[in-house]
Amino acid sequence: MASIKLNAVEKWFGDLQVIKGVDLAIEDGEFVVFIGPSGCGKSTLLRIIAGLEDASEGSVIINDNDVTGNLPSERGLAMVFQSYALYPHMDVGENIGFALKTAGMPRTEIKKRVDEVAGILKLESLLSRLPKQLSGGQRQRVAIGRAIVREPVGFLFDEPLSNLDAALRVNMRLEISRLHAQLGITTIYVTHDQIEAMTLADRIIVLDEGRVIQAGSPRELYNNPNSRFVAEFIGSPKMNLLPCMEKSGRIVFSGFGKNTARKKAISEKFLSAPSSAVVSLGIRPENIALCDEDAGHISGTVAVCEYLGSEQFAYIDCGLDNMVTARVSPDAELKVGSVTGLSFDNEKLYTFDGDGSRLYKPPR
Ligand SMILES: Nc1ncnc2c1ncn2[C@@H]1O[C@H](COP(=O)(O)OP(=O)(O)OP(=O)(O)O)[C@@H](O)[C@H]1O
Ligand SMILES: [Mg+2]
């Protein structure tokens with residue numbers, strides 16, 4: 001098992017700096033997820049840890065050893081990619097055992113290890129099939145098996161489930177969770193998927209433009225985002241941001257269309273932190289209740305309704321650039337085109353300044 005440390009890691013591709021000084025300490029056995037917009041440097045950072053890419057500056061430390069100049073094979077890490085890249089002419093057992101064979105391990109030992117791994121991944125009955133005879137999820141399990149069999153000190157996953165259909169993704173997500181609980185191997189997992197990040201991670205690292213923006217447990221990031229960026233990035237559907245301003249010591253909405261919104265001040269309680277820097281107010285969809293047109297903080301017209309069975313989201317046009325999203329009871333029958341009031345839970349409001357820094361968060 002391994003602790004993994006990055007010290008002031010930078011990466012330049014020619015004149016383009018894509019990693020801008022990343023410090024990170026990952027504990028032995030921890031499950032860390034890198035998340036961030038496309039192109040922010042997640043794969044590059046992972047490849048630097050794996051040794052598939054050199055760091056331009058800084059160092060990579062595994063278990064207190066500086067491995068910055070070491071080959072991938074000297075780092076003891078196993079990487080699983082989005083594309084499974086199985087050998088098409090080898091069956092499942094041969095695919096899983098290939099690395100051991102090239103390392104010169106005796107046949108009987110290879111068979112023992114392959115059988116063990118097949119047991120862990122429930123591949124026993126598929127060992128003599130070729131990759132083309134497998135489903136996407138089974139192939140991905142073989143790819144994971146190939147990584148496990150080498151008994152790595154750490155796992156690196158780069159969007160391993162993004163080629164799978166929705167149901168398989170859920171299955172494989174659970175498999176990976178179970179595997180981590182069972183083997184306790186330090187894991188770094190790159191994903192775009194909110195749910196994967198929230199459900200798998202001990203700690204989520206939010207990256208943007210080659211920098212760590214915030215790191216914390218899923219709960220911490222959801223409840224205590226340090227910026228508008230993280231507030232909007234973590235949570236699906238995302239947090240609503242409403243333009244507002246400070247006026248005579250009160251926070252009032254601003255920037256709404258003429259007829260669509262009541263510009264009602266936010267509760268007295270919330271005024272403990274008024275600031276002239278406030279430009280937007282954040283509220284999550286689950287903290288907005290729909291009410292009579294005149295009873296809410298603002299009002300708007302129901303534009304779209306998404307019924308998902310166990311929950312329902314209403315997208316409301318309040319005359320802003322973006323629709324306001326509210327999570328409502330799946331039993332509520334909402335009429336598209338109807339006018340509704342929106343009432344905010346005053347205990348669950350956030351404020352942000354013009355640079356996107358968070359000024360206020362709800363007490364928890
Ligand atoms: N070999 C390369 N040469 C030049 N630029 C590169 C190279 N590899 C990556 N980049 C650039 O580095 C930046 C980070 O790329 P990276 O693949 O790490 O992003 P990512 O966060 O994994 O994105 P995605 O979510 O789309 O996979 C991007 O702007 C990309 O174009
Ligand atoms: Mg990538």
# chains A, B, ... in the order shown; residues from 1 in each chain; ligands from 1
$ residues_near_ligand --ligand "ligand 2" --cutoff "12 Å" --atoms "only C-alpha atoms and all ligand atoms" --output "number ranges by chain"
A: 34-47, 81-83, 157-160, 162, 189-192, 207
$ select_by_dssp --residues "region 128-292 of chain A" --states "helix (DSSP H, G or I)" --output "MDAnalysis selection string"
chainID A and resid 131:133 136:148 166:183 194:200 218:223 228:233 268:272 285:287
$ write_last_selection --atoms "C-alpha atoms" --output "compact mmCIF listing (two decimals), in the first residue's frame"
# COMPACT_ATOMS: atom_id res chain seq x y z
CA PRO A 131 -12.74 -10.14 -25.21
CA LYS A 132 -15.12 -9.92 -28.19
CA GLN A 133 -17.39 -12.41 -26.44
CA GLY A 136 -18.63 -3.77 -21.90
CA GLY A 137 -18.90 -4.21 -18.15
CA GLN A 138 -17.23 -7.62 -18.27
CA ARG A 139 -14.40 -6.21 -20.36
CA GLN A 140 -13.90 -3.42 -17.88
CA ARG A 141 -13.79 -5.99 -15.07
CA VAL A 142 -11.06 -7.87 -16.97
CA ALA A 143 -9.13 -4.60 -17.36
CA ILE A 144 -9.41 -4.08 -13.60
CA GLY A 145 -8.38 -7.71 -13.05
CA ARG A 146 -5.27 -7.15 -15.12
CA ALA A 147 -4.43 -4.24 -12.83
CA ILE A 148 -5.17 -6.07 -9.56
CA ALA A 166 -26.15 3.74 -17.29
CA ALA A 167 -27.11 0.50 -15.56
CA LEU A 168 -23.64 -1.01 -15.98
CA ARG A 169 -22.04 2.13 -14.65
CA VAL A 170 -24.03 1.81 -11.45
CA ASN A 171 -23.02 -1.84 -11.17
CA MET A 172 -19.35 -1.18 -11.81
CA ARG A 173 -19.38 1.78 -9.42
CA LEU A 174 -20.56 -0.55 -6.69
CA GLU A 175 -17.93 -3.12 -7.72
CA ILE A 176 -15.17 -0.54 -7.44
CA SER A 177 -16.46 0.57 -4.03
CA ARG A 178 -16.57 -3.02 -2.85
CA LEU A 179 -13.12 -3.70 -4.23
CA HIS A 180 -11.69 -0.73 -2.40
CA ALA A 181 -13.33 -1.78 0.85
CA GLN A 182 -11.98 -5.31 0.36
CA LEU A 183 -8.42 -4.56 -0.77
CA GLN A 194 -20.88 13.83 -10.12
CA ILE A 195 -22.43 10.71 -8.71
CA GLU A 196 -19.25 8.66 -9.08
CA ALA A 197 -17.30 11.43 -7.37
CA MET A 198 -19.76 11.82 -4.50
CA THR A 199 -20.27 8.11 -3.88
CA LEU A 200 -16.74 6.75 -4.30
CA PRO A 218 -18.07 15.01 -0.56
CA ARG A 219 -20.07 16.46 2.34
CA GLU A 220 -17.61 19.27 2.93
CA LEU A 221 -17.58 20.28 -0.71
CA TYR A 222 -21.35 20.15 -0.99
CA ASN A 223 -22.04 22.09 2.20
CA ARG A 228 -18.88 29.93 -6.74
CA PHE A 229 -16.97 27.55 -9.01
CA VAL A 230 -17.11 24.66 -6.54
CA ALA A 231 -20.64 25.55 -5.46
CA GLU A 232 -21.81 25.22 -9.05
CA PHE A 233 -19.60 22.26 -9.91
CA GLU A 268 -33.44 39.55 8.81
CA LYS A 269 -31.49 36.58 10.07
CA PHE A 270 -29.43 36.51 6.96
CA LEU A 271 -28.45 40.14 7.36
CA SER A 272 -25.76 39.23 9.84
CA PRO A 285 -32.73 23.28 -5.82
CA GLU A 286 -33.80 21.29 -2.75
CA ASN A 287 -33.95 24.46 -0.65
$ closest_residue --among "A:Asn226, A:Ser128, A:Phe13, A:Gly210" --to "Ser357 (chain A)" --atoms "only C-alpha atoms"
A:Asn226
$ closest_residue --among "A:Lys11, A:Arg211, A:Arg113, A:Lys361" --to "Asp23 (chain A)" --atoms "only C-alpha atoms"
A:Arg211
$ closest_residue --among "A:Phe98, A:Tyr87, A:Trp12, A:Phe31" --to "Phe155 (chain A)" --atoms "only C-alpha atoms"
A:Phe31
$ residues_around --residues "Asp66 (chain A)" --least-positions-apart "4" --cutoff "12 Å" --atoms "only C-alpha atoms" --output "PyMOL selection string"
chain A and resi 3-7+49+51+58-62+70-71+74-75
$ residues_around --residues "Arg327 (chain A)" --least-positions-apart "2" --cutoff "7 Å" --atoms "only C-alpha atoms" --output "PyMOL selection string"
chain A and resi 285-286+312-314+325+329
$ closest_residue --among "A:Val92, A:Leu281, A:Ile288, A:Met1" --to "Pro152 (chain A)" --atoms "only C-alpha atoms"
A:Met1
$ closest_residue --among "A:Ala295, A:Val279, A:Leu52, A:Leu121" --to "ligand 1" --atoms "only C-alpha atoms and all ligand atoms"
A:Leu52
$ select_by_dssp --residues "region 225-333 of chain A" --states "strand (DSSP E or B)" --output "PyMOL selection string"
chain A and resi 227+240-247+250-253+278-283+288-291+298-307+312-317+324-328
$ write_last_selection --atoms "N, CA and C atoms" --output "short mmCIF file (atom, residue, chain, number, x, y, z; two decimals), in the first residue's frame"
data_model
loop_
_atom_site.label_atom_id
_atom_site.label_comp_id
_atom_site.auth_asym_id
_atom_site.auth_seq_id
_atom_site.Cartn_x
_atom_site.Cartn_y
_atom_site.Cartn_z
N SER A 227 -15.99 28.56 -3.10
CA SER A 227 -16.12 29.50 -4.22
C SER A 227 -17.37 29.18 -5.03
N ASN A 240 -28.40 27.18 -7.74
CA ASN A 240 -28.87 28.37 -8.45
C ASN A 240 -28.09 29.58 -7.96
N LEU A 241 -27.75 30.46 -8.88
CA LEU A 241 -27.11 31.72 -8.49
C LEU A 241 -27.99 32.87 -8.94
N LEU A 242 -28.37 33.71 -7.99
CA LEU A 242 -29.28 34.80 -8.31
C LEU A 242 -28.56 36.11 -8.07
N PRO A 243 -28.66 37.03 -9.01
CA PRO A 243 -27.98 38.31 -8.83
C PRO A 243 -28.60 39.09 -7.67
N CYS A 244 -27.78 39.67 -6.83
CA CYS A 244 -28.31 40.46 -5.72
C CYS A 244 -27.32 41.55 -5.36
N MET A 245 -27.73 42.44 -4.47
CA MET A 245 -26.84 43.52 -4.04
C MET A 245 -27.20 43.95 -2.63
N GLU A 246 -26.27 44.67 -2.04
CA GLU A 246 -26.54 45.18 -0.71
C GLU A 246 -27.17 46.56 -0.86
N LYS A 247 -28.25 46.80 -0.10
CA LYS A 247 -28.90 48.10 -0.18
C LYS A 247 -29.30 48.50 1.23
N ARG A 250 -29.26 45.79 3.74
CA ARG A 250 -30.05 44.59 3.45
C ARG A 250 -29.59 44.01 2.11
N ILE A 251 -29.84 42.73 1.96
CA ILE A 251 -29.51 42.13 0.66
C ILE A 251 -30.79 42.03 -0.15
N VAL A 252 -30.78 42.61 -1.32
CA VAL A 252 -31.98 42.56 -2.17
C VAL A 252 -31.61 41.98 -3.53
N PHE A 253 -32.58 41.41 -4.19
CA PHE A 253 -32.33 40.87 -5.53
C PHE A 253 -32.17 42.00 -6.52
N VAL A 278 -21.27 41.72 -2.10
CA VAL A 278 -22.15 40.63 -2.54
C VAL A 278 -22.70 40.90 -3.94
N VAL A 279 -22.56 39.95 -4.82
CA VAL A 279 -23.19 40.10 -6.13
C VAL A 279 -24.09 38.93 -6.50
N SER A 280 -23.91 37.79 -5.81
CA SER A 280 -24.84 36.73 -6.11
C SER A 280 -25.14 35.90 -4.88
N LEU A 281 -26.32 35.34 -4.94
CA LEU A 281 -26.83 34.56 -3.84
C LEU A 281 -27.03 33.14 -4.36
N GLY A 282 -26.55 32.16 -3.61
CA GLY A 282 -26.66 30.78 -4.07
C GLY A 282 -27.66 30.00 -3.25
N ILE A 283 -28.47 29.23 -3.93
CA ILE A 283 -29.40 28.34 -3.23
C ILE A 283 -29.58 27.06 -4.04
N ILE A 288 -35.53 25.28 -2.27
CA ILE A 288 -36.53 26.21 -2.79
C ILE A 288 -37.89 25.50 -2.76
N ALA A 289 -38.88 26.17 -2.18
CA ALA A 289 -40.23 25.61 -2.21
C ALA A 289 -41.09 26.46 -3.13
N LEU A 290 -41.99 25.81 -3.86
CA LEU A 290 -42.91 26.59 -4.69
C LEU A 290 -44.11 26.97 -3.83
N CYS A 291 -44.64 28.17 -4.06
CA CYS A 291 -45.74 28.66 -3.24
C CYS A 291 -46.60 29.58 -4.08
N ILE A 298 -39.32 35.44 -4.74
CA ILE A 298 -39.43 35.88 -6.13
C ILE A 298 -40.53 35.04 -6.79
N SER A 299 -40.88 35.41 -8.00
CA SER A 299 -41.85 34.59 -8.72
C SER A 299 -41.38 34.39 -10.15
N GLY A 300 -42.00 33.45 -10.81
CA GLY A 300 -41.60 33.18 -12.19
C GLY A 300 -42.59 32.23 -12.85
N THR A 301 -42.29 31.89 -14.10
CA THR A 301 -43.17 31.03 -14.88
C THR A 301 -42.52 29.66 -15.05
N VAL A 302 -43.28 28.61 -14.78
CA VAL A 302 -42.74 27.26 -14.94
C VAL A 302 -42.48 27.02 -16.44
N ALA A 303 -41.21 26.77 -16.78
CA ALA A 303 -40.87 26.62 -18.20
C ALA A 303 -40.75 25.15 -18.59
N VAL A 304 -40.13 24.35 -17.72
CA VAL A 304 -39.93 22.93 -18.01
C VAL A 304 -40.10 22.15 -16.72
N CYS A 305 -40.65 20.96 -16.85
CA CYS A 305 -40.79 20.09 -15.69
C CYS A 305 -40.11 18.76 -16.01
N GLU A 306 -39.24 18.31 -15.12
CA GLU A 306 -38.62 16.99 -15.34
C GLU A 306 -39.09 16.04 -14.26
N TYR A 307 -39.89 15.09 -14.64
CA TYR A 307 -40.41 14.09 -13.70
C TYR A 307 -39.51 12.87 -13.77
N GLN A 312 -38.67 15.29 -8.76
CA GLN A 312 -39.12 16.10 -9.88
C GLN A 312 -38.43 17.47 -9.81
N PHE A 313 -37.99 17.95 -10.95
CA PHE A 313 -37.35 19.26 -10.99
C PHE A 313 -38.17 20.22 -11.85
N ALA A 314 -38.39 21.43 -11.31
CA ALA A 314 -39.08 22.46 -12.07
C ALA A 314 -38.05 23.52 -12.46
N TYR A 315 -38.05 23.89 -13.72
CA TYR A 315 -37.16 24.94 -14.22
C TYR A 315 -38.02 26.18 -14.45
N ILE A 316 -37.70 27.24 -13.71
CA ILE A 316 -38.60 28.38 -13.66
C ILE A 316 -37.93 29.62 -14.25
N ASP A 317 -38.65 30.24 -15.17
CA ASP A 317 -38.16 31.46 -15.80
C ASP A 317 -38.52 32.64 -14.92
N VAL A 324 -34.28 29.17 -12.93
CA VAL A 324 -34.07 28.77 -11.54
C VAL A 324 -34.61 27.34 -11.40
N THR A 325 -33.80 26.46 -10.80
CA THR A 325 -34.21 25.06 -10.66
C THR A 325 -34.69 24.80 -9.24
N ALA A 326 -35.86 24.18 -9.12
CA ALA A 326 -36.37 23.82 -7.80
C ALA A 326 -36.69 22.34 -7.80
N ARG A 327 -36.32 21.66 -6.70
CA ARG A 327 -36.71 20.25 -6.58
C ARG A 327 -38.05 20.20 -5.86
N VAL A 328 -39.02 19.61 -6.49
CA VAL A 328 -40.36 19.57 -5.91
C VAL A 328 -40.78 18.11 -5.73
#
$ atom_distance --atom1 "CA of Glu30 (chain A)" --atom2 "atom 31 (O, counted along the ligand's line) of ligand 1"
28.7 Å
$ closest_residue --among "A:Val33, A:Leu77, A:Ala332, A:Leu161" --to "Ser217 (chain A)" --atoms "only C-alpha atoms"
A:Val33
$ residues_around --residues "Glu10 (chain A)" --least-positions-apart "6" --cutoff "7 Å" --atoms "only C-alpha atoms" --output "count of residues only"
8
